[in-house]
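Data from coords_30.csv: CSV, C-alpha atoms and all ligand atoms
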```csv
chain,number,residue,atom,x,y,z
T,1032,MET,CA,-86.6,-74.6,-6.1
T,1033,ALA,CA,-85.5,-71.9,-8.5
T,1034,LYS,CA,-83.2,-69.2,-7.1
T,1035,ILE,CA,-85.1,-66.2,-6.0
T,1036,LYS,CA,-84.7,-63.1,-8.2
T,1037,THR,CA,-84.1,-59.8,-6.4
T,1038,SER,CA,-84.3,-56.2,-7.8
T,1039,ALA,CA,-83.1,-53.1,-6.1
T,1040,ILE,CA,-84.6,-49.6,-6.7
T,1041,ILE,CA,-82.4,-46.7,-5.6
T,1042,PRO,CA,-84.3,-43.5,-5.4
T,1043,ALA,CA,-81.7,-40.7,-6.1
T,1044,ALA,CA,-84.0,-38.1,-7.7
T,1045,GLY,CA,-84.4,-35.7,-4.7
T,1046,SER,CA,-83.2,-32.1,-4.9
T,1047,GLY,CA,-81.5,-32.1,-1.5
T,1048,LYS,CA,-83.1,-28.9,-0.3
T,1049,ARG,CA,-82.0,-29.3,3.3
T,1050,LEU,CA,-78.4,-29.6,2.3
T,1051,LYS,CA,-77.7,-26.2,0.9
T,1052,SER,CA,-75.3,-27.0,-2.0
T,1053,LYS,CA,-75.3,-26.2,-5.7
T,1054,THR,CA,-74.6,-29.8,-6.5
T,1055,LYS,CA,-77.4,-32.2,-5.4
T,1056,LYS,CA,-76.2,-34.2,-2.4
T,1057,GLN,CA,-76.2,-37.6,-4.2
T,1058,TYR,CA,-73.6,-36.2,-6.6
T,1059,LEU,CA,-71.4,-34.5,-4.0
T,1060,GLU,CA,-68.0,-36.1,-3.8
T,1061,ILE,CA,-66.5,-37.8,-0.8
T,1062,GLN,CA,-62.9,-38.8,-1.2
T,1063,GLY,CA,-63.1,-38.1,-4.9
T,1064,LYS,CA,-66.2,-40.2,-5.7
T,1065,PRO,CA,-69.9,-39.2,-5.8
T,1066,LEU,CA,-72.0,-40.2,-2.8
T,1067,LEU,CA,-74.2,-42.3,-5.2
T,1068,PHE,CA,-71.1,-44.4,-6.0
T,1069,TYR,CA,-70.8,-45.6,-2.4
T,1070,THR,CA,-74.4,-46.7,-2.3
T,1071,LEU,CA,-74.3,-48.5,-5.6
T,1072,GLN,CA,-71.0,-50.3,-5.0
T,1073,VAL,CA,-72.6,-52.2,-2.1
T,1074,PHE,CA,-75.6,-53.3,-4.3
T,1075,GLN,CA,-73.2,-54.3,-7.1
T,1076,LYS,CA,-71.2,-56.4,-4.6
T,1077,SER,CA,-74.2,-58.0,-2.8
T,1078,LYS,CA,-74.8,-61.6,-3.7
T,1079,ASN,CA,-78.5,-61.0,-2.9
T,1080,ILE,CA,-79.1,-58.5,-5.7
T,1081,ASP,CA,-79.6,-59.4,-9.3
T,1082,GLU,CA,-80.4,-56.1,-10.9
T,1083,ILE,CA,-80.5,-52.4,-10.0
T,1084,VAL,CA,-82.7,-49.6,-11.2
T,1085,ILE,CA,-81.6,-46.1,-10.4
T,1086,VAL,CA,-84.0,-43.2,-10.3
T,1087,ALA,CA,-82.4,-39.9,-11.0
T,1088,PRO,CA,-83.4,-36.3,-11.6
T,1089,LYS,CA,-84.4,-35.5,-15.2
T,1090,ASN,CA,-81.3,-33.2,-15.7
T,1091,GLU,CA,-78.9,-35.8,-14.3
T,1092,LEU,CA,-79.9,-38.9,-16.3
T,1093,THR,CA,-76.9,-38.7,-18.6
T,1094,LEU,CA,-74.4,-37.8,-15.8
T,1095,THR,CA,-75.7,-40.8,-13.8
T,1096,ARG,CA,-75.4,-43.2,-16.8
T,1097,LYS,CA,-72.0,-41.9,-18.1
T,1098,ASP,CA,-70.1,-40.6,-15.0
T,1099,ILE,CA,-71.3,-43.2,-12.5
T,1100,VAL,CA,-72.8,-46.4,-14.0
T,1101,GLU,CA,-70.4,-46.7,-17.0
T,1102,LYS,CA,-67.3,-45.2,-15.4
T,1103,PHE,CA,-67.4,-47.5,-12.4
T,1104,LYS,CA,-68.8,-50.5,-14.4
T,1105,PHE,CA,-71.9,-51.1,-12.3
T,1106,SER,CA,-72.9,-54.0,-14.5
T,1107,LYS,CA,-76.0,-54.9,-12.5
T,1108,VAL,CA,-77.7,-51.5,-13.4
T,1109,LYS,CA,-80.6,-52.3,-15.7
T,1110,CYS,CA,-81.5,-48.7,-16.4
T,1111,VAL,CA,-81.5,-45.2,-15.0
T,1112,VAL,CA,-85.0,-43.7,-15.0
T,1113,GLU,CA,-86.5,-40.3,-14.3
T,1114,GLY,CA,-87.8,-39.4,-10.8
T,1115,GLY,CA,-91.0,-37.8,-9.8
T,1116,ILE,CA,-92.2,-35.0,-7.5
T,1117,GLU,CA,-92.3,-37.0,-4.2
T,1118,ARG,CA,-90.0,-39.9,-3.2
T,1119,GLN,CA,-92.8,-42.3,-3.6
T,1120,ASP,CA,-93.3,-41.1,-7.2
T,1121,SER,CA,-89.7,-41.8,-7.9
T,1122,VAL,CA,-89.9,-45.3,-6.4
T,1123,LYS,CA,-93.0,-46.0,-8.5
T,1124,ASN,CA,-91.1,-45.0,-11.7
T,1125,GLY,CA,-88.3,-47.4,-10.6
T,1126,PHE,CA,-90.8,-50.2,-10.0
T,1127,ASP,CA,-92.2,-49.8,-13.5
T,1128,SER,CA,-88.8,-50.6,-14.9
T,1129,ILE,CA,-87.7,-53.6,-12.9
T,1130,SER,CA,-88.1,-57.1,-14.4
T,1131,THR,CA,-91.6,-58.4,-13.8
T,1132,ASP,CA,-90.4,-61.9,-13.0
T,1133,THR,CA,-88.6,-60.6,-9.9
T,1134,ASP,CA,-89.5,-62.1,-6.5
T,1135,ILE,CA,-88.2,-59.5,-4.0
T,1136,VAL,CA,-87.8,-55.8,-4.4
T,1137,VAL,CA,-85.3,-54.0,-2.3
T,1138,ILE,CA,-85.7,-50.2,-1.9
T,1139,HIS,CA,-82.8,-48.1,-0.6
T,1140,ASP,CA,-82.2,-44.4,-0.4
T,1141,ALA,CA,-79.3,-43.2,-2.5
T,1142,ALA,CA,-78.6,-40.8,0.4
T,1143,ARG,CA,-77.6,-43.7,2.7
T,1144,PRO,CA,-74.1,-44.6,1.5
T,1145,LEU,CA,-73.2,-46.5,4.7
T,1146,ILE,CA,-75.4,-49.5,3.7
T,1147,ASN,CA,-73.6,-52.8,3.8
T,1148,VAL,CA,-74.2,-56.3,2.3
T,1149,ASP,CA,-75.2,-57.8,5.6
T,1150,LEU,CA,-78.2,-55.4,5.9
T,1151,ILE,CA,-79.3,-56.3,2.4
T,1152,LYS,CA,-78.9,-60.0,3.2
T,1153,LYS,CA,-81.0,-59.8,6.4
T,1154,VAL,CA,-83.8,-57.7,4.9
T,1155,VAL,CA,-84.1,-59.9,1.8
T,1156,ALA,CA,-84.2,-63.0,3.9
T,1157,SER,CA,-87.0,-61.6,6.1
T,1158,ALA,CA,-89.0,-60.4,3.2
T,1159,GLY,CA,-88.7,-63.8,1.6
T,1160,LYS,CA,-90.1,-65.4,4.8
T,1161,ASN,CA,-92.6,-62.7,5.9
T,1162,GLY,CA,-93.5,-60.8,2.7
T,1163,SER,CA,-92.3,-57.4,3.8
T,1164,ALA,CA,-89.4,-56.2,6.0
T,1165,ILE,CA,-87.7,-53.0,7.0
T,1166,THR,CA,-84.4,-52.3,8.8
T,1167,ALA,CA,-85.1,-50.3,11.9
T,1168,LEU,CA,-83.5,-49.3,15.2
T,1169,GLN,CA,-85.1,-49.4,18.6
T,1170,ILE,CA,-85.4,-46.0,20.2
T,1171,THR,CA,-82.9,-45.7,23.1
T,1172,ASP,CA,-83.7,-42.2,24.2
T,1173,THR,CA,-86.9,-41.5,26.3
T,1174,LEU,CA,-89.7,-40.5,24.0
T,1175,LYS,CA,-91.8,-37.5,24.8
T,1176,MET,CA,-94.9,-36.1,23.2
T,1177,ALA,CA,-95.0,-32.3,23.4
T,1178,VAL,CA,-97.3,-29.6,22.2
T,1179,GLU,CA,-95.8,-26.1,21.8
T,1180,GLY,CA,-92.7,-26.9,23.8
T,1181,VAL,CA,-94.5,-28.5,26.7
T,1182,VAL,CA,-94.4,-32.2,27.4
T,1183,LYS,CA,-97.8,-33.9,27.4
T,1184,ASN,CA,-96.9,-37.5,27.6
T,1185,THR,CA,-94.0,-40.0,27.9
T,1186,PHE,CA,-94.2,-43.2,25.9
T,1187,PRO,CA,-92.7,-46.7,26.7
T,1188,ARG,CA,-89.8,-46.6,24.3
T,1189,GLU,CA,-89.7,-50.4,23.9
T,1190,ASN,CA,-92.5,-50.1,21.3
T,1191,PHE,CA,-90.9,-47.4,19.1
T,1192,TRP,CA,-88.5,-48.0,16.3
T,1193,ARG,CA,-86.8,-45.6,13.8
T,1194,SER,CA,-87.2,-46.9,10.3
T,1195,GLN,CA,-84.3,-46.9,7.8
T,1196,THR,CA,-83.7,-48.3,4.4
T,1197,PRO,CA,-83.1,-50.9,2.9
T,1198,GLN,CA,-86.7,-52.1,2.9
T,1199,ALA,CA,-87.7,-55.3,1.0
T,1200,PHE,CA,-91.0,-56.5,-0.3
T,1201,ASN,CA,-92.4,-59.4,-2.2
T,1202,TYR,CA,-93.0,-58.1,-5.7
T,1203,ASN,CA,-96.6,-59.1,-5.6
T,1204,ILE,CA,-97.3,-57.0,-2.5
T,1205,LEU,CA,-95.9,-53.8,-4.0
T,1206,ASN,CA,-97.7,-54.7,-7.3
T,1207,GLU,CA,-101.0,-55.0,-5.5
T,1208,CYS,CA,-100.5,-51.6,-3.8
T,1209,TYR,CA,-99.8,-50.0,-7.1
T,1210,ASP,CA,-102.7,-51.8,-8.8
T,1211,ARG,CA,-105.0,-50.4,-6.1
T,1212,LYS,CA,-103.4,-47.0,-6.8
T,1213,LEU,CA,-102.6,-46.5,-3.0
T,1214,ASN,CA,-99.6,-44.4,-3.9
T,1215,GLU,CA,-102.0,-41.8,-5.2
T,1216,GLU,CA,-104.1,-41.7,-2.1
T,1217,ALA,CA,-101.6,-40.3,0.4
T,1218,ILE,CA,-98.0,-39.2,0.8
T,1219,PHE,CA,-96.0,-42.0,2.4
T,1220,THR,CA,-92.6,-41.3,3.8
T,1221,ASP,CA,-91.6,-44.9,3.0
T,1222,GLU,CA,-93.0,-47.8,1.0
T,1223,ALA,CA,-93.5,-49.8,4.3
T,1224,GLN,CA,-96.1,-47.2,5.3
T,1225,MET,CA,-98.0,-47.8,2.0
T,1226,VAL,CA,-97.8,-51.6,2.5
T,1227,GLU,CA,-99.1,-51.2,6.1
T,1228,TYR,CA,-101.9,-49.0,4.8
T,1229,ALA,CA,-102.8,-51.8,2.4
T,1230,GLY,CA,-103.2,-54.2,5.3
T,1231,PHE,CA,-100.0,-56.2,5.1
T,1232,GLU,CA,-97.7,-57.0,8.0
T,1233,VAL,CA,-94.2,-55.5,7.9
T,1234,SER,CA,-91.5,-57.3,9.9
T,1235,LEU,CA,-88.6,-55.5,11.5
T,1236,VAL,CA,-84.9,-56.5,11.2
T,1237,GLU,CA,-82.2,-54.8,13.1
T,1238,GLY,CA,-80.7,-51.8,11.2
T,1239,TRP,CA,-77.4,-50.1,11.8
T,1240,GLU,CA,-76.9,-46.9,13.7
T,1241,TYR,CA,-74.4,-45.6,11.2
T,1242,ASN,CA,-76.5,-46.2,8.1
T,1243,ILE,CA,-77.4,-42.6,8.3
T,1244,LYS,CA,-79.4,-40.7,5.8
T,1245,ILE,CA,-77.4,-37.7,4.6
T,1246,THR,CA,-79.7,-34.7,5.1
T,1247,THR,CA,-77.7,-31.8,6.3
T,1248,ASN,CA,-74.1,-30.5,5.8
T,1249,ASP,CA,-73.1,-31.9,9.2
T,1250,ASP,CA,-74.4,-35.4,8.1
T,1251,PHE,CA,-72.3,-35.0,4.9
T,1252,LYS,CA,-69.2,-34.4,7.0
T,1253,LEU,CA,-70.1,-37.3,9.3
T,1254,ALA,CA,-70.6,-39.6,6.3
T,1255,GLY,CA,-67.1,-38.8,5.0
T,1256,PHE,CA,-65.7,-39.7,8.4
T,1257,LEU,CA,-67.7,-42.9,8.7
T,1258,LEU,CA,-66.9,-44.1,5.2
T,1259,LYS,CA,-63.2,-43.8,6.0
T,1260,GLU,CA,-63.6,-45.3,9.5
T,1261,PHE,CA,-65.4,-48.3,8.3
T,1262,ASN,CA,-63.2,-48.7,5.2
T,1263,VAL,CA,-66.0,-48.4,2.7
C,1301,LIG,N1,-85.8,-38.9,-3.6
C,1301,LIG,C1,-86.3,-39.2,-4.9
C,1301,LIG,N2,-87.3,-38.5,-5.4
C,1301,LIG,C2,-87.8,-37.5,-4.8
C,1301,LIG,C3,-87.4,-37.2,-3.5
C,1301,LIG,C4,-86.4,-37.9,-2.9
C,1301,LIG,O1,-85.7,-40.2,-5.5
C,1301,LIG,N3,-88.8,-36.8,-5.4
C,1301,LIG,C5,-84.7,-39.7,-3.0
C,1301,LIG,C6,-83.5,-38.8,-2.6
C,1301,LIG,O2,-82.6,-38.6,-3.7
C,1301,LIG,C7,-82.9,-39.6,-1.5
C,1301,LIG,C8,-84.1,-40.4,-0.9
C,1301,LIG,O3,-85.1,-40.3,-1.8
C,1301,LIG,O4,-81.9,-40.6,-1.9
C,1301,LIG,C9,-84.5,-39.9,0.5
C,1301,LIG,O5,-84.9,-38.5,0.4
C,1301,LIG,P1,-84.4,-37.2,1.1
C,1301,LIG,O6,-83.3,-37.7,2.1
C,1301,LIG,O7,-85.5,-36.5,1.6
C,1301,LIG,O8,-83.6,-36.5,-0.1
C,1301,LIG,P2,-84.0,-35.1,-0.8
C,1301,LIG,O9,-85.5,-35.1,-1.0
C,1301,LIG,O10,-83.1,-35.0,-2.0
C,1301,LIG,O11,-83.6,-34.0,0.3
C,1301,LIG,P3,-84.5,-32.8,0.9
C,1301,LIG,O12,-85.7,-33.5,1.5
C,1301,LIG,O13,-83.7,-32.1,1.9
C,1301,LIG,O14,-84.9,-32.0,-0.3
C,1302,MG,MG,-86.9,-35.1,0.7
```
Just give me the structure as structure tokens.
Amino acid sequence: MAKIKTSAIIPAAGSGKRLKSKTKKQYLEIQGKPLLFYTLQVFQKSKNIDEIVIVAPKNELTLTRKDIVEKFKFSKVKCVVEGGIERQDSVKNGFDSISTDTDIVVIHDAARPLINVDLIKKVVASAGKNGSAITALQITDTLKMAVEGVVKNTFPRENFWRSQTPQAFNYNILNECYDRKLNEEAIFTDEAQMVEYAGFEVSLVEGWEYNIKITTNDDFKLAGFLLKEFNV
């Protein structure tokens, strides 16, 4: 059997509104290197990834190409393309630029620099077997449903998971969703939600607690600490 071909899409085209900084969070430096560097180096290193498409903001395309891809010799990067209004628009633009003979598409937020090669390996293997897979964490706190500050219900937490990225999909599954223009029907917070909406099953693989998405200033500080602590 021929080796499976795997493409990664890295959405990095957000404006980082919740992290109040002049520089967009994906370009903020941690230990002298931009956050996007840390995310990309793991995909560059992973034996499970053949090519990478980065989706960047319109005004940062050159910066991303010159000061990140070329400077750090990320040879797997096929291209840097422009993002869209919502995250799902950015991912769609990325999808339009990956090789069409790819088997598995891995999608990972630029804002999660604590990704590791093991998470990529697990999610790719599960998508290869099951079609679609996401990394997720089982909820450990008790889950309450509340309206206007008053608890209405408590849920059995065994059934609830927090979804992270990376997420991986058979190319044909994503392609079918886009052919059916499902991405234009609703706003999805991740591609798995679109794939579920299309009627496909999505499998869970164990994520990692510290694969945090940098959203606030405190997250940014924490990421600096974690990257050092885990020798990334
Ligand atoms: N993203 C993107 N295109 C968008 C919006 C988001 O490529 N139109 C990317 C971000 O760059 C990030 C990932 O999707 O890597 C997750 O999004 P989020 O953490 O929400 O980042 P931002 O949208 O940049 O932040 P905020 O929501 O605070 O503005
Ligand atoms: Mg956002």
Contacts of T:Glu1091 at 9 Å (all atoms listed in the file; same-chain gap of 5+ positions) as a short mmCIF file (atom, residue, chain, number, x, y, z; two decimals) with C-alpha atoms, in the frame of the given file:
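Everything below was put into around.cif:
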```cif
data_model
loop_
_atom_site.label_atom_id
_atom_site.label_comp_id
_atom_site.auth_asym_id
_atom_site.auth_seq_id
_atom_site.Cartn_x
_atom_site.Cartn_y
_atom_site.Cartn_z
CA ALA T 1044 -84.00 -38.10 -7.70
CA ARG T 1096 -75.40 -43.20 -16.80
CA GLU T 1113 -86.50 -40.30 -14.30
#
```
So, counting only C-alpha atoms, which residue among T:Thr1196, T:Gln1119, T:Asn1203, T:Thr1220 is closest to T:Thr1070?
->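 Of the candidates, the smallest distance to T:Thr1070 is held by T:Thr1196.
In this structure, atom CA of T:Leu1205 sits 27.5 Å away from atom CA of T:Leu1066.
Distance annotation: of T:Asn1184, T:Ser1121, T:Gln1072, T:Gln1195, the residue with the minimal separation from ligand LIG 1301 (chain C) is T:Ser1121; atom set is all atoms listed in the file.
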With all atoms listed in the file counted and 10 Å as the cut-off, give the residues of chain T in contact with ligand MG 1302 (chain C), each with its shortest interatomic distance in Å and the pair that gives it, as CSV.
```
residue,atom,partner,partner_atom,distance
T:Ala1044,CA,C:MG1302,MG,9.4
T:Gly1045,CA,C:MG1302,MG,6.0
T:Ser1046,CA,C:MG1302,MG,7.4
T:Gly1047,CA,C:MG1302,MG,6.6
T:Lys1048,CA,C:MG1302,MG,7.3
T:Arg1049,CA,C:MG1302,MG,8.0
T:Ile1116,CA,C:MG1302,MG,9.8
T:Glu1117,CA,C:MG1302,MG,7.5
T:Arg1118,CA,C:MG1302,MG,6.9
T:Thr1220,CA,C:MG1302,MG,9.0
T:Thr1246,CA,C:MG1302,MG,8.4
```
Can you list, as a PDB file with C-alpha atoms, in the coordinates of the input, every protein, DNA or RNA residue that comes within 12 Å of stretch 1055-1062 of chain T when you count all atoms listed in the file, leaving out same-chain residues fewer than 6 positions away?
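The result, stored in part.pdb:
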```pdb
ATOM      1  CA  ILE T1041     -82.400 -46.700  -5.600  1.00  0.00           C
ATOM      2  CA  PRO T1042     -84.300 -43.500  -5.400  1.00  0.00           C
ATOM      3  CA  ALA T1043     -81.700 -40.700  -6.100  1.00  0.00           C
ATOM      4  CA  ALA T1044     -84.000 -38.100  -7.700  1.00  0.00           C
ATOM      5  CA  GLY T1045     -84.400 -35.700  -4.700  1.00  0.00           C
ATOM      6  CA  SER T1046     -83.200 -32.100  -4.900  1.00  0.00           C
ATOM      7  CA  GLY T1047     -81.500 -32.100  -1.500  1.00  0.00           C
ATOM      8  CA  LYS T1048     -83.100 -28.900  -0.300  1.00  0.00           C
ATOM      9  CA  ARG T1049     -82.000 -29.300   3.300  1.00  0.00           C
ATOM     10  CA  PHE T1068     -71.100 -44.400  -6.000  1.00  0.00           C
ATOM     11  CA  TYR T1069     -70.800 -45.600  -2.400  1.00  0.00           C
ATOM     12  CA  THR T1070     -74.400 -46.700  -2.300  1.00  0.00           C
ATOM     13  CA  LEU T1071     -74.300 -48.500  -5.600  1.00  0.00           C
ATOM     14  CA  ILE T1085     -81.600 -46.100 -10.400  1.00  0.00           C
ATOM     15  CA  VAL T1086     -84.000 -43.200 -10.300  1.00  0.00           C
ATOM     16  CA  ALA T1087     -82.400 -39.900 -11.000  1.00  0.00           C
ATOM     17  CA  PRO T1088     -83.400 -36.300 -11.600  1.00  0.00           C
ATOM     18  CA  ASN T1090     -81.300 -33.200 -15.700  1.00  0.00           C
ATOM     19  CA  GLU T1091     -78.900 -35.800 -14.300  1.00  0.00           C
ATOM     20  CA  LEU T1092     -79.900 -38.900 -16.300  1.00  0.00           C
ATOM     21  CA  LEU T1094     -74.400 -37.800 -15.800  1.00  0.00           C
ATOM     22  CA  THR T1095     -75.700 -40.800 -13.800  1.00  0.00           C
ATOM     23  CA  ASP T1098     -70.100 -40.600 -15.000  1.00  0.00           C
ATOM     24  CA  ILE T1099     -71.300 -43.200 -12.500  1.00  0.00           C
ATOM     25  CA  ASP T1140     -82.200 -44.400  -0.400  1.00  0.00           C
ATOM     26  CA  ALA T1141     -79.300 -43.200  -2.500  1.00  0.00           C
ATOM     27  CA  ALA T1142     -78.600 -40.800   0.400  1.00  0.00           C
ATOM     28  CA  ARG T1143     -77.600 -43.700   2.700  1.00  0.00           C
ATOM     29  CA  PRO T1144     -74.100 -44.600   1.500  1.00  0.00           C
ATOM     30  CA  LYS T1244     -79.400 -40.700   5.800  1.00  0.00           C
ATOM     31  CA  ILE T1245     -77.400 -37.700   4.600  1.00  0.00           C
ATOM     32  CA  THR T1246     -79.700 -34.700   5.100  1.00  0.00           C
ATOM     33  CA  THR T1247     -77.700 -31.800   6.300  1.00  0.00           C
ATOM     34  CA  ASN T1248     -74.100 -30.500   5.800  1.00  0.00           C
ATOM     35  CA  ASP T1250     -74.400 -35.400   8.100  1.00  0.00           C
ATOM     36  CA  PHE T1251     -72.300 -35.000   4.900  1.00  0.00           C
ATOM     37  CA  LYS T1252     -69.200 -34.400   7.000  1.00  0.00           C
ATOM     38  CA  LEU T1253     -70.100 -37.300   9.300  1.00  0.00           C
ATOM     39  CA  ALA T1254     -70.600 -39.600   6.300  1.00  0.00           C
ATOM     40  CA  GLY T1255     -67.100 -38.800   5.000  1.00  0.00           C
ATOM     41  CA  PHE T1256     -65.700 -39.700   8.400  1.00  0.00           C
ATOM     42  CA  LEU T1257     -67.700 -42.900   8.700  1.00  0.00           C
ATOM     43  CA  LEU T1258     -66.900 -44.100   5.200  1.00  0.00           C
ATOM     44  CA  LYS T1259     -63.200 -43.800   6.000  1.00  0.00           C
ATOM     45  CA  ASN T1262     -63.200 -48.700   5.200  1.00  0.00           C
ATOM     46  CA  VAL T1263     -66.000 -48.400   2.700  1.00  0.00           C
TER      47      VAL T1263
END
```
Taken to one decimal, the atom CA of T:Phe1200-atom CA of T:Asn1161 distance is 8.9 Å
Between T:Lys1051, T:Asp1172, T:Lys1102, T:Asn1147, which has the minimum distance to ligand LIG 1301 (chain C) (counting only C-alpha atoms and all ligand atoms)?
->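 Closest residue, counting only C-alpha atoms and all ligand atoms: T:Lys1051.
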Got a sec: who's within 10 Å of T:Val1226, counting only C-alpha atoms, leaving out chain neighbours fewer than 4 positions off, as a VMD selection string?
-> chain T and resid 1163 1200 1204 to 1205 1207 to 1209 1213 to 1214 1219 1221 to 1222 1230 to 1233
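The smallest atom-to-atom distance between ligand LIG 1301 (chain C) and any of T:Val1137, T:Ile1083, T:Val1111, T:Val1122, using all atoms listed in the file, is found for T:Val1122.
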How many Å lie between atom CA of T:Thr1173 and atom CA of T:Glu1240, rounded to one decimal?
->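 Going from atom CA of T:Thr1173 over to atom CA of T:Glu1240, I get 17.0 Å.
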Using all atoms listed in the file, which of T:Met1225, T:Ile1243, T:Ala1199, T:Ala1156 sits nearest ligand LIG 1301 (chain C)?
->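 Nearest candidate to ligand LIG 1301 (chain C) out of T:Met1225, T:Ile1243, T:Ala1199, T:Ala1156: T:Ile1243.
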Using only C-alpha atoms and all ligand atoms: which of T:Val1154, T:Ala1039, T:Ile1080, T:Ile1138 has the shortest distance to ligand LIG 1301 (chain C) =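 For ligand LIG 1301 (chain C), the nearest of the given residues is T:Ile1138.
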